[in-house]
file protein-v4.cif (mmCIF, C-alpha atoms and all ligand atoms)
data_my_file
loop_
_atom_site.label_atom_id
_atom_site.label_comp_id
_atom_site.auth_asym_id
_atom_site.auth_seq_id
_atom_site.Cartn_x
_atom_site.Cartn_y
_atom_site.Cartn_z
CA MET A 1 0.00 0.00 0.00
CA LEU A 2 2.82 2.35 0.98
CA ALA A 3 4.59 1.64 -2.29
CA ILE A 4 1.39 2.34 -4.27
CA SER A 5 0.71 5.62 -2.49
CA ARG A 6 4.35 6.67 -3.06
CA MET A 7 4.03 5.83 -6.72
CA LYS A 8 0.80 7.87 -6.95
CA ALA A 9 2.50 10.80 -5.26
CA LEU A 10 5.41 10.56 -7.65
CA ILE A 11 3.13 10.34 -10.68
CA SER A 12 1.08 13.35 -9.63
CA ALA A 13 4.28 15.26 -8.91
CA THR A 14 5.98 14.48 -12.18
CA THR A 15 2.99 15.35 -14.31
CA PHE A 16 3.01 18.87 -12.90
CA SER A 17 5.64 20.88 -14.68
CA THR A 18 5.93 24.56 -13.86
CA TYR A 19 9.58 25.37 -14.40
CA SER A 20 10.36 28.38 -16.45
CA VAL A 21 12.36 27.38 -19.47
CA PRO A 22 15.60 29.03 -20.46
CA HIS A 23 15.19 32.08 -22.58
CA ILE A 24 16.58 31.83 -26.07
CA SER A 25 16.76 35.00 -28.03
CA LYS A 26 14.09 35.42 -30.69
CA THR A 27 16.72 36.85 -32.98
CA THR A 28 18.91 33.79 -32.78
CA PRO A 29 19.62 32.29 -36.20
CA LEU A 30 18.91 28.96 -34.57
CA ALA A 31 15.23 29.62 -35.12
CA LEU A 32 14.90 28.29 -31.62
CA SER A 33 12.83 30.73 -29.76
CA SER A 34 10.38 31.46 -27.01
CA LEU A 35 8.21 34.36 -26.08
CA ALA A 36 9.04 33.59 -22.45
CA SER A 37 11.32 36.32 -21.26
CA LYS A 38 12.02 34.49 -18.04
CA SER A 39 15.59 33.50 -17.45
CA PHE A 40 16.21 29.95 -16.39
CA SER A 41 16.46 29.61 -12.68
CA PHE A 42 15.72 26.52 -10.77
CA ASN A 43 13.36 27.74 -8.14
CA PRO A 44 12.66 25.28 -5.32
CA PRO A 45 10.27 27.61 -3.39
CA THR A 46 7.80 27.48 -6.31
CA LEU A 47 7.93 23.74 -6.19
CA PHE A 48 7.50 23.64 -2.47
CA GLN A 49 4.28 25.61 -2.87
CA ASN A 50 2.92 22.98 -5.22
CA PRO A 51 0.63 20.80 -3.08
CA ASN A 52 1.19 17.88 -5.45
CA LEU A 53 4.82 17.73 -4.50
CA LEU A 54 5.40 15.93 -1.31
CA LEU A 55 8.56 17.77 -0.36
CA PRO A 56 9.71 19.55 2.77
CA LYS A 57 8.69 23.20 3.13
CA PRO A 58 11.38 25.81 2.40
CA ASN A 59 11.18 27.29 5.85
CA LEU A 60 12.76 24.10 7.18
CA PHE A 61 16.08 25.64 6.02
CA LEU A 62 17.44 22.45 4.57
CA PRO A 63 21.20 21.95 4.50
CA LYS A 64 22.76 22.74 1.10
CA THR A 65 23.49 19.10 0.34
CA CYS A 66 19.87 18.22 1.00
CA ILE A 67 18.61 21.05 -1.21
CA SER A 68 20.81 19.93 -4.04
CA SER A 69 19.55 16.36 -3.76
CA VAL A 70 15.97 17.70 -3.81
CA GLN A 71 16.89 19.80 -6.83
CA ASN A 72 18.34 16.75 -8.55
CA ARG A 73 15.20 14.76 -7.84
CA CYS A 74 13.03 17.57 -9.17
CA MET A 75 15.16 17.83 -12.28
CA GLN A 76 14.74 14.11 -12.81
CA MET A 77 10.97 14.54 -12.40
CA GLU A 78 11.05 17.37 -14.90
CA THR A 79 12.94 15.18 -17.36
CA ALA A 80 10.49 12.31 -16.81
CA SER A 81 7.58 14.68 -17.33
CA ARG A 82 9.06 16.00 -20.56
CA GLN A 83 9.70 12.44 -21.76
CA ARG A 84 6.06 11.51 -21.27
CA SER A 85 4.64 14.51 -23.06
CA GLY A 86 6.03 13.90 -26.55
CA GLU A 87 3.55 14.15 -29.43
CA ILE A 88 3.52 13.83 -33.21
CA HIS A 89 1.02 15.71 -35.36
CA VAL A 90 1.04 15.20 -39.11
CA ILE A 91 -0.39 17.62 -41.68
CA VAL A 92 -0.65 16.33 -45.25
CA GLY A 93 -2.38 17.28 -48.49
CA PRO A 94 -1.60 18.47 -51.99
CA MET A 95 0.38 21.60 -52.78
CA PHE A 96 -1.37 24.93 -52.01
CA ALA A 97 -3.56 23.29 -49.36
CA GLY A 98 -2.22 25.41 -46.49
CA LYS A 99 0.16 22.86 -44.92
CA THR A 100 2.94 25.37 -44.31
CA THR A 101 0.42 28.01 -43.18
CA THR A 102 -1.04 25.56 -40.64
CA LEU A 103 2.40 24.48 -39.46
CA LEU A 104 3.53 28.08 -38.92
CA ARG A 105 0.29 28.94 -37.09
CA LYS A 106 0.66 25.98 -34.76
CA VAL A 107 4.30 26.73 -34.05
CA GLN A 108 3.56 30.44 -33.48
CA SER A 109 0.77 29.52 -31.10
CA GLU A 110 3.12 27.26 -29.10
CA ARG A 111 5.65 30.07 -29.07
CA GLY A 112 2.95 32.43 -27.84
CA ASP A 113 2.40 30.05 -24.93
CA GLY A 114 6.04 30.51 -23.98
CA ARG A 115 7.37 27.27 -25.42
CA ASN A 116 10.72 26.94 -27.15
CA VAL A 117 10.24 26.16 -30.81
CA ALA A 118 12.35 25.39 -33.86
CA ILE A 119 11.37 24.83 -37.48
CA ILE A 120 13.23 22.68 -39.95
CA LYS A 121 12.80 22.55 -43.70
CA SER A 122 14.58 20.60 -46.38
CA SER A 123 17.60 22.33 -47.89
CA LYS A 124 16.46 20.88 -51.22
CA ASP A 125 13.85 23.62 -51.35
CA THR A 126 15.82 26.71 -52.25
CA ARG A 127 12.83 28.69 -53.58
CA TYR A 128 12.96 31.37 -50.92
CA GLY A 129 16.54 31.05 -49.71
CA LEU A 130 17.64 28.72 -46.97
CA ASP A 131 17.04 30.73 -43.84
CA SER A 132 13.26 31.06 -44.02
CA ILE A 133 10.18 29.03 -44.47
CA VAL A 134 7.65 30.86 -46.67
CA THR A 135 4.04 30.02 -47.49
CA HIS A 136 2.52 30.49 -50.94
CA ASP A 137 0.94 33.64 -49.48
CA GLY A 138 4.33 35.04 -48.48
CA VAL A 139 4.13 34.46 -44.70
CA LYS A 140 7.67 33.88 -43.44
CA MET A 141 9.48 32.43 -40.44
CA PRO A 142 13.18 31.73 -39.81
CA CYS A 143 14.14 28.08 -40.00
CA TRP A 144 16.89 25.51 -40.19
CA ALA A 145 17.48 24.18 -43.69
CA LEU A 146 18.88 20.65 -43.48
CA THR A 147 19.59 17.75 -45.82
CA HIS A 148 18.97 15.21 -43.06
CA LEU A 149 17.05 15.57 -39.82
CA SER A 150 19.83 13.77 -37.97
CA ALA A 151 21.97 16.88 -38.52
CA PHE A 152 19.64 18.89 -36.29
CA LYS A 153 20.87 17.50 -32.97
CA GLN A 154 24.45 17.81 -34.12
CA LYS A 155 24.02 21.48 -35.04
CA LEU A 156 22.26 22.41 -31.82
CA SER A 157 24.11 22.34 -28.54
CA HIS A 158 22.98 19.58 -26.20
CA ASP A 159 21.49 22.21 -23.86
CA ALA A 160 19.59 23.99 -26.62
CA TYR A 161 18.07 20.70 -27.80
CA ASP A 162 17.10 19.81 -24.24
CA GLN A 163 15.32 23.11 -23.77
CA LEU A 164 13.36 22.74 -26.98
CA ASP A 165 9.66 21.93 -26.60
CA VAL A 166 8.31 21.96 -30.15
CA ILE A 167 9.91 21.00 -33.47
CA GLY A 168 8.17 21.88 -36.74
CA ILE A 169 9.18 20.05 -39.91
CA ASP A 170 8.13 21.32 -43.34
CA GLU A 171 8.57 19.57 -46.70
CA ALA A 172 8.77 16.31 -44.76
CA GLN A 173 8.64 14.25 -47.97
CA PHE A 174 12.27 15.19 -48.61
CA PHE A 175 13.66 13.70 -45.38
CA ASP A 176 14.74 10.04 -45.57
CA ASP A 177 15.27 9.81 -41.81
CA LEU A 178 11.83 11.22 -40.89
CA TYR A 179 10.65 8.09 -39.06
CA ASP A 180 13.71 7.71 -36.84
CA PHE A 181 13.89 11.41 -36.07
CA CYS A 182 10.21 11.71 -35.12
CA SER A 183 10.13 8.59 -32.98
CA GLU A 184 13.26 9.58 -31.09
CA ALA A 185 12.16 13.20 -30.62
CA ALA A 186 8.66 12.31 -29.38
CA ASP A 187 9.14 8.94 -27.66
CA HIS A 188 12.49 9.52 -25.99
CA ASP A 189 13.10 13.24 -25.90
CA GLY A 190 9.54 14.35 -25.06
CA LYS A 191 9.25 16.82 -27.93
CA LYS A 192 6.07 17.86 -29.67
CA VAL A 193 6.77 17.31 -33.34
CA ILE A 194 4.55 18.93 -35.97
CA VAL A 195 5.17 17.56 -39.44
CA ALA A 196 3.89 19.04 -42.71
CA GLY A 197 4.43 17.40 -46.06
CA LEU A 198 3.02 15.98 -49.26
CA ASP A 199 1.43 12.58 -48.78
CA GLY A 200 1.56 11.95 -52.54
CA ASP A 201 3.73 13.03 -55.45
CA TYR A 202 2.46 14.26 -58.82
CA LEU A 203 1.64 10.65 -59.78
CA ARG A 204 -0.22 10.17 -56.46
CA ARG A 205 2.38 7.71 -55.24
CA SER A 206 3.36 7.76 -51.58
CA PHE A 207 6.01 10.47 -51.25
CA GLY A 208 9.15 9.89 -49.15
CA SER A 209 8.51 8.66 -45.62
CA VAL A 210 5.51 10.86 -44.79
CA LEU A 211 3.02 7.99 -44.72
CA ASP A 212 5.42 5.83 -42.71
CA ILE A 213 5.03 8.09 -39.67
CA ILE A 214 1.22 7.83 -39.57
CA PRO A 215 1.41 4.89 -37.13
CA LEU A 216 3.52 7.06 -34.81
CA ALA A 217 1.17 10.02 -34.92
CA ASP A 218 -1.20 11.45 -32.32
CA SER A 219 -3.14 13.23 -35.05
CA VAL A 220 -3.26 13.31 -38.84
CA THR A 221 -4.86 16.17 -40.76
CA LYS A 222 -5.41 15.97 -44.51
CA LEU A 223 -5.93 19.43 -45.95
CA THR A 224 -7.37 20.19 -49.36
CA SER A 225 -6.94 23.02 -51.81
CA ARG A 226 -9.25 24.36 -54.54
CA CYS A 227 -9.12 22.82 -57.99
CA GLU A 228 -7.56 25.39 -60.27
CA LEU A 229 -9.84 24.24 -63.11
CA CYS A 230 -13.27 24.01 -61.47
CA GLY A 231 -12.99 25.36 -57.93
CA ASN A 232 -14.04 22.09 -56.30
CA ARG A 233 -12.00 20.63 -53.48
CA ALA A 234 -8.54 19.60 -54.67
CA PHE A 235 -6.91 16.48 -53.24
CA PHE A 236 -4.08 16.06 -55.73
CA THR A 237 -1.17 17.93 -57.30
CA LEU A 238 -0.90 17.97 -61.07
CA ARG A 239 2.49 18.62 -62.65
CA LYS A 240 2.04 20.81 -65.68
CA THR A 241 5.39 20.06 -67.28
CA GLU A 242 6.83 16.95 -68.90
CA GLU A 243 9.60 16.31 -66.34
CA MET A 244 9.26 12.83 -64.87
CA GLN A 245 11.62 12.74 -61.89
CA THR A 246 9.85 12.44 -58.54
CA GLU A 247 11.59 15.40 -56.94
CA LEU A 248 11.21 18.66 -58.80
CA ILE A 249 11.22 21.85 -56.74
CA GLY A 250 8.73 24.42 -57.94
CA GLY A 251 5.57 26.39 -57.30
CA ALA A 252 2.56 27.47 -59.34
CA GLU A 253 4.64 27.59 -62.53
CA VAL A 254 5.03 23.79 -62.39
CA TYR A 255 2.18 22.50 -60.25
CA MET A 256 -1.50 23.06 -59.70
CA PRO A 257 -4.01 21.68 -57.20
CA VAL A 258 -6.81 19.66 -58.83
CA CYS A 259 -9.90 17.63 -58.03
CA ARG A 260 -10.10 13.94 -58.97
CA GLN A 261 -11.83 14.57 -62.28
CA HIS A 262 -9.32 17.15 -63.43
CA TYR A 263 -6.39 15.12 -62.13
CA VAL A 264 -7.40 12.20 -64.33
CA GLY A 265 -8.17 14.46 -67.32
CA GLY A 266 -4.98 16.46 -66.77
CA GLN A 267 -2.79 13.37 -66.58
CA VAL A 268 -4.28 12.10 -69.86
CA ALA A 269 -3.64 15.48 -71.53
CA ILE A 270 -0.07 15.72 -70.23
CA GLU A 271 0.67 12.13 -71.21
CA ALA A 272 -0.69 12.83 -74.72
CA ALA A 273 1.45 15.98 -74.97
CA ARG A 274 4.50 13.98 -73.88
CA VAL A 275 3.86 11.34 -76.56
CA VAL A 276 3.50 14.04 -79.22
CA LEU A 277 6.71 15.74 -78.08
CA GLU A 278 8.63 12.46 -77.98
CA SER A 279 7.42 11.48 -81.48
CA ARG A 280 8.48 14.92 -82.78
CA VAL A 281 11.94 14.40 -81.30
CA GLN A 282 12.12 10.96 -82.94
CA CYS A 283 10.92 12.36 -86.30
CA GLY A 284 13.52 15.11 -85.98
CA SER A 285 16.24 12.57 -85.34
CA TYR A 286 15.27 10.60 -88.48
CA ALA A 287 15.40 13.71 -90.66
N1 LIG B 1 -3.04 27.54 -57.39
C1 LIG B 1 -2.47 28.34 -56.50
N2 LIG B 1 -1.39 29.08 -56.81
C2 LIG B 1 -0.79 29.86 -55.91
N3 LIG B 1 -1.20 29.99 -54.63
C3 LIG B 1 -2.27 29.30 -54.26
C4 LIG B 1 -2.96 28.45 -55.17
N4 LIG B 1 -3.96 27.88 -54.51
C5 LIG B 1 -3.92 28.36 -53.25
N5 LIG B 1 -2.90 29.21 -53.10
C6 LIG B 1 -2.53 29.95 -51.88
O1 LIG B 1 -1.64 29.17 -51.13
C7 LIG B 1 -2.01 29.24 -49.77
C8 LIG B 1 -1.48 28.05 -49.03
O2 LIG B 1 -0.08 28.15 -48.99
P1 LIG B 1 0.81 27.12 -48.19
O3 LIG B 1 0.43 27.13 -46.74
O4 LIG B 1 2.24 27.46 -48.52
O5 LIG B 1 0.37 25.73 -48.82
P2 LIG B 1 1.13 24.33 -48.89
O6 LIG B 1 2.23 24.34 -47.87
O7 LIG B 1 0.09 23.30 -48.61
O8 LIG B 1 1.66 24.20 -50.29
C9 LIG B 1 -3.50 29.34 -49.82
O9 LIG B 1 -4.01 29.93 -48.66
C10 LIG B 1 -3.77 30.17 -51.04
O10 LIG B 1 -3.84 31.54 -50.74
C1 LIG B 2 3.88 17.13 -56.28
C2 LIG B 2 5.36 17.23 -56.16
C3 LIG B 2 5.94 18.32 -55.53
N1 LIG B 2 7.28 18.41 -55.43
C4 LIG B 2 7.91 19.57 -54.78
C5 LIG B 2 7.41 20.89 -55.27
C6 LIG B 2 7.61 21.80 -54.10
O1 LIG B 2 8.96 22.27 -54.16
C7 LIG B 2 7.43 20.88 -52.91
C8 LIG B 2 6.07 20.98 -52.28
O2 LIG B 2 5.89 22.23 -51.67
P1 LIG B 2 4.55 22.66 -50.89
O3 LIG B 2 5.06 23.35 -49.65
O4 LIG B 2 3.76 21.44 -50.57
O5 LIG B 2 3.83 23.59 -51.78
O6 LIG B 2 7.60 19.56 -53.40
C9 LIG B 2 8.09 17.40 -55.93
O7 LIG B 2 9.33 17.46 -55.82
N2 LIG B 2 7.52 16.34 -56.56
C10 LIG B 2 6.18 16.21 -56.69
O8 LIG B 2 5.71 15.18 -57.27
#

call {"tool": "encode", "arguments": {"input": "protein-v4.cif", "output": "structure tokens", "more": "lines below"}}
Ligand SMILES: Nc1ncnc2c1ncn2[C@@H]1O[C@H](COP(=O)(O)OP(=O)(O)O)[C@@H](O)[C@H]1O
Ligand SMILES: Cc1cn([C@H]2C[C@H](O)[C@@H](COP(=O)(O)O)O2)c(=O)[nH]c1=O
result
Amino acid sequence: MLAISRMKALISATTFSTYSVPHISKTTPLALSSLASKSFSFNPPTLFQNPNLLLPKPNLFLPKTCISSVQNRCMQMETASRQRSGEIHVIVGPMFAGKTTTLLRKVQSERGDGRNVAIIKSSKDTRYGLDSIVTHDGVKMPCWALTHLSAFKQKLSHDAYDQLDVIGIDEAQFFDDLYDFCSEAADHDGKKVIVAGLDGDYLRRSFGSVLDIIPLADSVTKLTSRCELCGNRAFFTLRKTEEMQTELIGGAEVYMPVCRQHYVGGQVAIEAARVVLESRVQCGSYA
């Protein structure tokens, strides 16, 4: 019974997390930021006032060694609490559906709540430079541009990574190590990971590892756009050019959002155009 009541006390204590997090400058190029202007100070009196924490009162004037062991215990509780609170939220859909807009809104809202956030995008997408993430409407936020997600921990100091609460990932289809990164960040490091990416490529095939992380996710949101040809809901991305490689960076000059009917019709038209072009090339080579 004693063991059970101790466990309950420990559980209720560790789920209550009120420490202020270290302040990281909003202007840092790390794109790791918080609105919290509090500086990091471990503050035992605040904890002592928490009725859920079964700890001695501060006016007992504990010896220094005792305080530091209490501090250590509390830090362990804090770590345990962070480890339990990891989450993964996935936002998918065709191009122009508002995936980046939604990701930025969510990250900004977390930041507004005083949480430390960072955003990562693929360095393959050089459309708007490497230091910012930009929506199709021009909304911008500083970010890390990486080839692999594994580089993120290496680039950040150990402390900075520890202090991070929320990690946003855009253009997730371009990251081969998406699954490993997300599971480690959420399951072991207690991070909230918000992932935005294309579920399908221009041929509606599964794109990169985005669909692989669905089993890891707390939530999955599929957004839609408006079909550029009829205005109905658009679920797919049509490539308007003849290029056939899976990865082709571009915006509205190359791609358009379409409904099912216009995807099918569009693919037929593009395929026909490709055949005509190829036959012209062949005719030209015979001449
Ligand atoms: N065909 C289009 N061409 C250019 N911009 C578009 C088109 N359709 C929608 N948009 C704009 O793009 C915005 C979404 O941008 P963004 O969040 O970057 O989308 P995603 O990340 O899903 O590609 C929409 O709110 C809309 O204003
Ligand atoms: C369909 C499709 C898209 N891409 C590229 C094109 C863009 O650079 C990004 C998607 O950006 P968005 O934020 O979702 O608008 O992916 C590609 O390489 N291959 C494709 O099939």

call {"tool": "residues_near_ligand", "arguments": {"input": "protein-v4.cif", "ligand": "ligand LIG 1 (chain B)", "cutoff": "9 Å", "atoms": "only C-alpha atoms and all ligand atoms", "output": "ChimeraX atom specification"}}
result
/A:91-104,134-139,170-171,196-198,223-228,251-253,255-258

call {"tool": "closest_residue", "arguments": {"input": "protein-v4.cif", "among": "A:Thr147, A:Ser279, A:Ser132, A:Gln245", "to": "ligand LIG 2 (chain B)", "atoms": "all atoms listed in the file"}}
result
A:Gln245

call {"tool": "atom_distance", "arguments": {"input": "protein-v4.cif", "atom1": "atom C10 of ligand LIG 2 (chain B)", "atom2": "atom CA of A:Val195"}}
result
17.3 Å

call {"tool": "atom_distance", "arguments": {"input": "protein-v4.cif", "atom1": "atom C8 of ligand LIG 2 (chain B)", "atom2": "atom CA of A:Asp176"}}
result
15.5 Å

call {"tool": "axis_aligned_box", "arguments": {"input": "protein-v4.cif", "around": "ligand LIG 2 (chain B)", "padding_each_side": "3 Å", "output": "JSON"}}
result
{"center_x": 6.5, "center_y": 19.4, "center_z": -53.5, "size_x": 11.6, "size_y": 14.4, "size_z": 13.6}

call {"tool": "atom_distance", "arguments": {"input": "protein-v4.cif", "atom1": "atom CA of A:Arg204", "atom2": "atom CA of A:Thr126"}}
result
23.4 Å

call {"tool": "residues_around", "arguments": {"input": "protein-v4.cif", "residues": "A:Gln261", "least_positions_apart": "4", "cutoff": "12 Å", "atoms": "only C-alpha atoms", "output": "ChimeraX atom specification"}}
result
/A:227-236,238,257,265-268

call {"tool": "residues_around", "arguments": {"input": "protein-v4.cif", "residues": "A:Asp187", "least_positions_apart": "2", "cutoff": "8 Å", "atoms": "only C-alpha atoms", "output": "list in words"}}
result
Gln83, Arg84, Gly86, Glu87, Ser183, Glu184, Ala185, Asp189, Gly190 and Lys191 of chain A

call {"tool": "closest_residue", "arguments": {"input": "protein-v4.cif", "among": "A:Ile133, A:Ile249, A:Leu203, A:Ala272", "to": "ligand LIG 2 (chain B)", "atoms": "only C-alpha atoms and all ligand atoms"}}
result
A:Ile249

call {"tool": "closest_residue", "arguments": {"input": "protein-v4.cif", "among": "A:Arg111, A:His262, A:Arg205, A:Lys155", "to": "ligand LIG 2 (chain B)", "atoms": "only C-alpha atoms and all ligand atoms"}}
result
A:Arg205

call {"tool": "closest_residue", "arguments": {"input": "protein-v4.cif", "among": "A:Ala160, A:Val281, A:Leu178, A:Ala172", "to": "A:Asp199", "atoms": "all atoms listed in the file"}}
result
A:Ala172

call {"tool": "closest_residue", "arguments": {"input": "protein-v4.cif", "among": "A:Glu110, A:Asp131, A:Asp125, A:Asp180", "to": "ligand LIG 2 (chain B)", "atoms": "all atoms listed in the file"}}
result
A:Asp125

call {"tool": "residues_around", "arguments": {"input": "protein-v4.cif", "residues": "stretch 117-120 of chain A", "least_positions_apart": "2", "cutoff": "9 Å", "atoms": "only C-alpha atoms", "output": "PDB file with C-alpha atoms, in the coordinates of the input"}}
result
ATOM      1  CA  LEU A  30      18.910  28.960 -34.570  1.00  0.00           C
ATOM      2  CA  ALA A  31      15.230  29.620 -35.120  1.00  0.00           C
ATOM      3  CA  LEU A  32      14.900  28.290 -31.620  1.00  0.00           C
ATOM      4  CA  SER A  33      12.830  30.730 -29.760  1.00  0.00           C
ATOM      5  CA  SER A  34      10.380  31.460 -27.010  1.00  0.00           C
ATOM      6  CA  LEU A 104       3.530  28.080 -38.920  1.00  0.00           C
ATOM      7  CA  VAL A 107       4.300  26.730 -34.050  1.00  0.00           C
ATOM      8  CA  GLN A 108       3.560  30.440 -33.480  1.00  0.00           C
ATOM      9  CA  GLU A 110       3.120  27.260 -29.100  1.00  0.00           C
ATOM     10  CA  ARG A 111       5.650  30.070 -29.070  1.00  0.00           C
ATOM     11  CA  ARG A 115       7.370  27.270 -25.420  1.00  0.00           C
ATOM     12  CA  SER A 122      14.580  20.600 -46.380  1.00  0.00           C
ATOM     13  CA  ILE A 133      10.180  29.030 -44.470  1.00  0.00           C
ATOM     14  CA  MET A 141       9.480  32.430 -40.440  1.00  0.00           C
ATOM     15  CA  PRO A 142      13.180  31.730 -39.810  1.00  0.00           C
ATOM     16  CA  CYS A 143      14.140  28.080 -40.000  1.00  0.00           C
ATOM     17  CA  TRP A 144      16.890  25.510 -40.190  1.00  0.00           C
ATOM     18  CA  ALA A 145      17.480  24.180 -43.690  1.00  0.00           C
ATOM     19  CA  LEU A 146      18.880  20.650 -43.480  1.00  0.00           C
ATOM     20  CA  LEU A 149      17.050  15.570 -39.820  1.00  0.00           C
ATOM     21  CA  PHE A 152      19.640  18.890 -36.290  1.00  0.00           C
ATOM     22  CA  LEU A 164      13.360  22.740 -26.980  1.00  0.00           C
ATOM     23  CA  ASP A 165       9.660  21.930 -26.600  1.00  0.00           C
ATOM     24  CA  VAL A 166       8.310  21.960 -30.150  1.00  0.00           C
ATOM     25  CA  ILE A 167       9.910  21.000 -33.470  1.00  0.00           C
ATOM     26  CA  GLY A 168       8.170  21.880 -36.740  1.00  0.00           C
ATOM     27  CA  ILE A 169       9.180  20.050 -39.910  1.00  0.00           C
ATOM     28  CA  ASP A 170       8.130  21.320 -43.340  1.00  0.00           C
ATOM     29  CA  GLU A 171       8.570  19.570 -46.700  1.00  0.00           C
TER      30      GLU A 171
END

call {"tool": "residues_around", "arguments": {"input": "protein-v4.cif", "residues": "stretch 210-221 of chain A", "least_positions_apart": "4", "cutoff": "6 Å", "atoms": "all atoms listed in the file", "output": "list in words"}}
result
Ile88, His89, Val90, Ile91, Gln173, Tyr179 and Asp199 of chain A

call {"tool": "closest_residue", "arguments": {"input": "protein-v4.cif", "among": "A:Cys259, A:Leu277, A:Leu248, A:Ala269", "to": "ligand LIG 2 (chain B)", "atoms": "only C-alpha atoms and all ligand atoms"}}
result
A:Leu248
